[in-house]
Amino acid sequence: MAKKSKIAANERRKTVVLRYAERRAQLKEIIRTGTPQERDAAVRELSRHPRDASATRVRNRDSVDGRPRGHLTKFGLSRVRFREMAHRGELPGITKASW
């Protein structure tokens, strides 16, 4: 189980990313296509945004216990939790391989 403070910080980052996502996309487009003066202004404004406004700051975590490593995106679980739940039959359509 991850520390509750780490899980809470990650959730806070997710809300900040959502809040700034549209404006960040606009600024990135200006940086990509604008004139040199527009680019400079866009870069300055982008640098004034909080660091947590960047989507790369969000960590993929297990939805059950918050484990940060071994995350399986399709299920939202870590490899450890996935295996436990699959063995107990709690994941519909998942069966243990045998050949």
# chains A, B, ... in the order shown; residues from 1 in each chain; ligands from 1
$ select_by_dssp --residues "chain A" --states "strand (DSSP E or B)" --output "JSON, numbers by chain"
{"A": [71, 72, 77, 78]}
$ residues_around --residues "region 52-66 of chain A" --least-positions-apart "2" --cutoff "9 Å" --atoms "only C-alpha atoms" --output "PyMOL selection string"
chain A and resi 1-4+6-7+10-21+24+49-50+68-73+75-79+81
$ closest_residue --among "A:Arg67, A:Arg23, A:Arg32, A:Arg83" --to "Leu46 (chain A)" --atoms "only C-alpha atoms"
A:Arg23
$ residues_around --residues "Lys96 (chain A)" --least-positions-apart "2" --cutoff "8 Å" --atoms "only C-alpha atoms" --output "list in words"
Ala86, His87, Ile94 and Ser98 of chain A
$ write_last_selection --atoms "N, CA, C and O atoms" --output "PDB file, in the first residue's frame"
ATOM      1  N   ALA A  86      -7.069 -11.967 -10.361  1.00  0.00           N
ATOM      2  CA  ALA A  86      -7.316 -12.955 -11.411  1.00  0.00           C
ATOM      3  C   ALA A  86      -7.421 -14.360 -10.814  1.00  0.00           C
ATOM      4  O   ALA A  86      -8.295 -15.145 -11.204  1.00  0.00           O
ATOM      5  N   HIS A  87      -6.561 -14.670  -9.858  1.00  0.00           N
ATOM      6  CA  HIS A  87      -6.604 -15.989  -9.225  1.00  0.00           C
ATOM      7  C   HIS A  87      -7.897 -16.188  -8.432  1.00  0.00           C
ATOM      8  O   HIS A  87      -8.418 -17.307  -8.349  1.00  0.00           O
ATOM      9  N   ILE A  94     -10.848 -13.041 -17.502  1.00  0.00           N
ATOM     10  CA  ILE A  94      -9.420 -13.319 -17.312  1.00  0.00           C
ATOM     11  C   ILE A  94      -9.280 -14.731 -16.757  1.00  0.00           C
ATOM     12  O   ILE A  94      -9.861 -15.067 -15.730  1.00  0.00           O
ATOM     13  N   SER A  98      -2.929 -22.003 -19.599  1.00  0.00           N
ATOM     14  CA  SER A  98      -2.411 -23.365 -19.454  1.00  0.00           C
ATOM     15  C   SER A  98      -2.341 -23.966 -20.836  1.00  0.00           C
ATOM     16  O   SER A  98      -3.290 -23.881 -21.613  1.00  0.00           O
TER      17      SER A  98
END
$ select_by_dssp --residues "region 25-78 of chain A" --states "helix (DSSP H, G or I)" --output "ChimeraX atom specification"
/A:25-33,36-48,51-53,55-57
$ write_last_selection --atoms "N, CA and C atoms" --output "PDB file, in the first residue's frame"
ATOM      1  N   ALA A  25      -2.540  23.454 -24.169  1.00  0.00           N
ATOM      2  CA  ALA A  25      -2.620  23.021 -25.562  1.00  0.00           C
ATOM      3  C   ALA A  25      -2.570  24.222 -26.504  1.00  0.00           C
ATOM      4  N   GLN A  26      -3.263  25.305 -26.129  1.00  0.00           N
ATOM      5  CA  GLN A  26      -3.237  26.520 -26.953  1.00  0.00           C
ATOM      6  C   GLN A  26      -1.825  27.098 -27.016  1.00  0.00           C
ATOM      7  N   LEU A  27      -1.171  27.181 -25.871  1.00  0.00           N
ATOM      8  CA  LEU A  27       0.186  27.732 -25.828  1.00  0.00           C
ATOM      9  C   LEU A  27       1.161  26.860 -26.613  1.00  0.00           C
ATOM     10  N   LYS A  28       1.037  25.547 -26.491  1.00  0.00           N
ATOM     11  CA  LYS A  28       1.916  24.647 -27.236  1.00  0.00           C
ATOM     12  C   LYS A  28       1.732  24.833 -28.740  1.00  0.00           C
ATOM     13  N   GLU A  29       0.490  25.050 -29.171  1.00  0.00           N
ATOM     14  CA  GLU A  29       0.221  25.275 -30.594  1.00  0.00           C
ATOM     15  C   GLU A  29       0.846  26.589 -31.062  1.00  0.00           C
ATOM     16  N   ILE A  30       0.756  27.628 -30.238  1.00  0.00           N
ATOM     17  CA  ILE A  30       1.377  28.911 -30.576  1.00  0.00           C
ATOM     18  C   ILE A  30       2.886  28.752 -30.679  1.00  0.00           C
ATOM     19  N   ILE A  31       3.474  28.007 -29.745  1.00  0.00           N
ATOM     20  CA  ILE A  31       4.924  27.774 -29.767  1.00  0.00           C
ATOM     21  C   ILE A  31       5.310  27.020 -31.042  1.00  0.00           C
ATOM     22  N   ARG A  32       4.457  26.105 -31.470  1.00  0.00           N
ATOM     23  CA  ARG A  32       4.760  25.301 -32.654  1.00  0.00           C
ATOM     24  C   ARG A  32       4.615  26.081 -33.950  1.00  0.00           C
ATOM     25  N   THR A  33       3.615  27.009 -34.034  1.00  0.00           N
ATOM     26  CA  THR A  33       3.301  27.636 -35.314  1.00  0.00           C
ATOM     27  C   THR A  33       3.417  29.157 -35.334  1.00  0.00           C
ATOM     28  N   PRO A  36       8.031  34.530 -34.038  1.00  0.00           N
ATOM     29  CA  PRO A  36       8.998  34.532 -32.926  1.00  0.00           C
ATOM     30  C   PRO A  36       8.536  35.325 -31.700  1.00  0.00           C
ATOM     31  N   GLN A  37       7.873  36.465 -31.914  1.00  0.00           N
ATOM     32  CA  GLN A  37       7.379  37.248 -30.776  1.00  0.00           C
ATOM     33  C   GLN A  37       6.270  36.499 -30.032  1.00  0.00           C
ATOM     34  N   GLU A  38       5.362  35.890 -30.783  1.00  0.00           N
ATOM     35  CA  GLU A  38       4.285  35.121 -30.158  1.00  0.00           C
ATOM     36  C   GLU A  38       4.845  33.925 -29.400  1.00  0.00           C
ATOM     37  N   ARG A  39       5.846  33.284 -29.985  1.00  0.00           N
ATOM     38  CA  ARG A  39       6.471  32.132 -29.332  1.00  0.00           C
ATOM     39  C   ARG A  39       7.094  32.531 -28.004  1.00  0.00           C
ATOM     40  N   ASP A  40       7.825  33.646 -27.999  1.00  0.00           N
ATOM     41  CA  ASP A  40       8.453  34.098 -26.754  1.00  0.00           C
ATOM     42  C   ASP A  40       7.420  34.359 -25.671  1.00  0.00           C
ATOM     43  N   ALA A  41       6.325  35.037 -26.060  1.00  0.00           N
ATOM     44  CA  ALA A  41       5.270  35.333 -25.091  1.00  0.00           C
ATOM     45  C   ALA A  41       4.620  34.044 -24.586  1.00  0.00           C
ATOM     46  N   ALA A  42       4.391  33.087 -25.488  1.00  0.00           N
ATOM     47  CA  ALA A  42       3.763  31.821 -25.101  1.00  0.00           C
ATOM     48  C   ALA A  42       4.671  31.018 -24.177  1.00  0.00           C
ATOM     49  N   VAL A  43       5.964  31.018 -24.464  1.00  0.00           N
ATOM     50  CA  VAL A  43       6.914  30.298 -23.613  1.00  0.00           C
ATOM     51  C   VAL A  43       6.947  30.910 -22.220  1.00  0.00           C
ATOM     52  N   ARG A  44       6.935  32.241 -22.154  1.00  0.00           N
ATOM     53  CA  ARG A  44       6.933  32.912 -20.847  1.00  0.00           C
ATOM     54  C   ARG A  44       5.671  32.575 -20.058  1.00  0.00           C
ATOM     55  N   GLU A  45       4.512  32.608 -20.737  1.00  0.00           N
ATOM     56  CA  GLU A  45       3.273  32.295 -20.029  1.00  0.00           C
ATOM     57  C   GLU A  45       3.246  30.832 -19.587  1.00  0.00           C
ATOM     58  N   LEU A  46       3.742  29.950 -20.439  1.00  0.00           N
ATOM     59  CA  LEU A  46       3.772  28.531 -20.093  1.00  0.00           C
ATOM     60  C   LEU A  46       4.682  28.282 -18.894  1.00  0.00           C
ATOM     61  N   SER A  47       5.775  29.021 -18.803  1.00  0.00           N
ATOM     62  CA  SER A  47       6.689  28.833 -17.679  1.00  0.00           C
ATOM     63  C   SER A  47       6.109  29.381 -16.372  1.00  0.00           C
ATOM     64  N   ARG A  48       5.105  30.254 -16.465  1.00  0.00           N
ATOM     65  CA  ARG A  48       4.459  30.771 -15.252  1.00  0.00           C
ATOM     66  C   ARG A  48       3.418  29.801 -14.695  1.00  0.00           C
ATOM     67  N   ARG A  51       4.192  23.707 -12.066  1.00  0.00           N
ATOM     68  CA  ARG A  51       4.832  22.514 -12.615  1.00  0.00           C
ATOM     69  C   ARG A  51       3.861  21.351 -12.715  1.00  0.00           C
ATOM     70  N   ASP A  52       2.969  21.253 -11.748  1.00  0.00           N
ATOM     71  CA  ASP A  52       2.022  20.142 -11.736  1.00  0.00           C
ATOM     72  C   ASP A  52       0.955  20.259 -12.819  1.00  0.00           C
ATOM     73  N   ALA A  53       0.973  21.331 -13.615  1.00  0.00           N
ATOM     74  CA  ALA A  53       0.026  21.472 -14.712  1.00  0.00           C
ATOM     75  C   ALA A  53       0.420  20.600 -15.902  1.00  0.00           C
ATOM     76  N   ALA A  55       1.085  17.152 -17.773  1.00  0.00           N
ATOM     77  CA  ALA A  55       0.530  15.804 -17.638  1.00  0.00           C
ATOM     78  C   ALA A  55       1.600  14.768 -17.300  1.00  0.00           C
ATOM     79  N   THR A  56       2.860  15.061 -17.590  1.00  0.00           N
ATOM     80  CA  THR A  56       3.913  14.090 -17.295  1.00  0.00           C
ATOM     81  C   THR A  56       4.196  13.985 -15.802  1.00  0.00           C
ATOM     82  N   ARG A  57       3.662  14.898 -15.016  1.00  0.00           N
ATOM     83  CA  ARG A  57       3.867  14.845 -13.569  1.00  0.00           C
ATOM     84  C   ARG A  57       2.933  13.838 -12.881  1.00  0.00           C
TER      85      ARG A  57
END
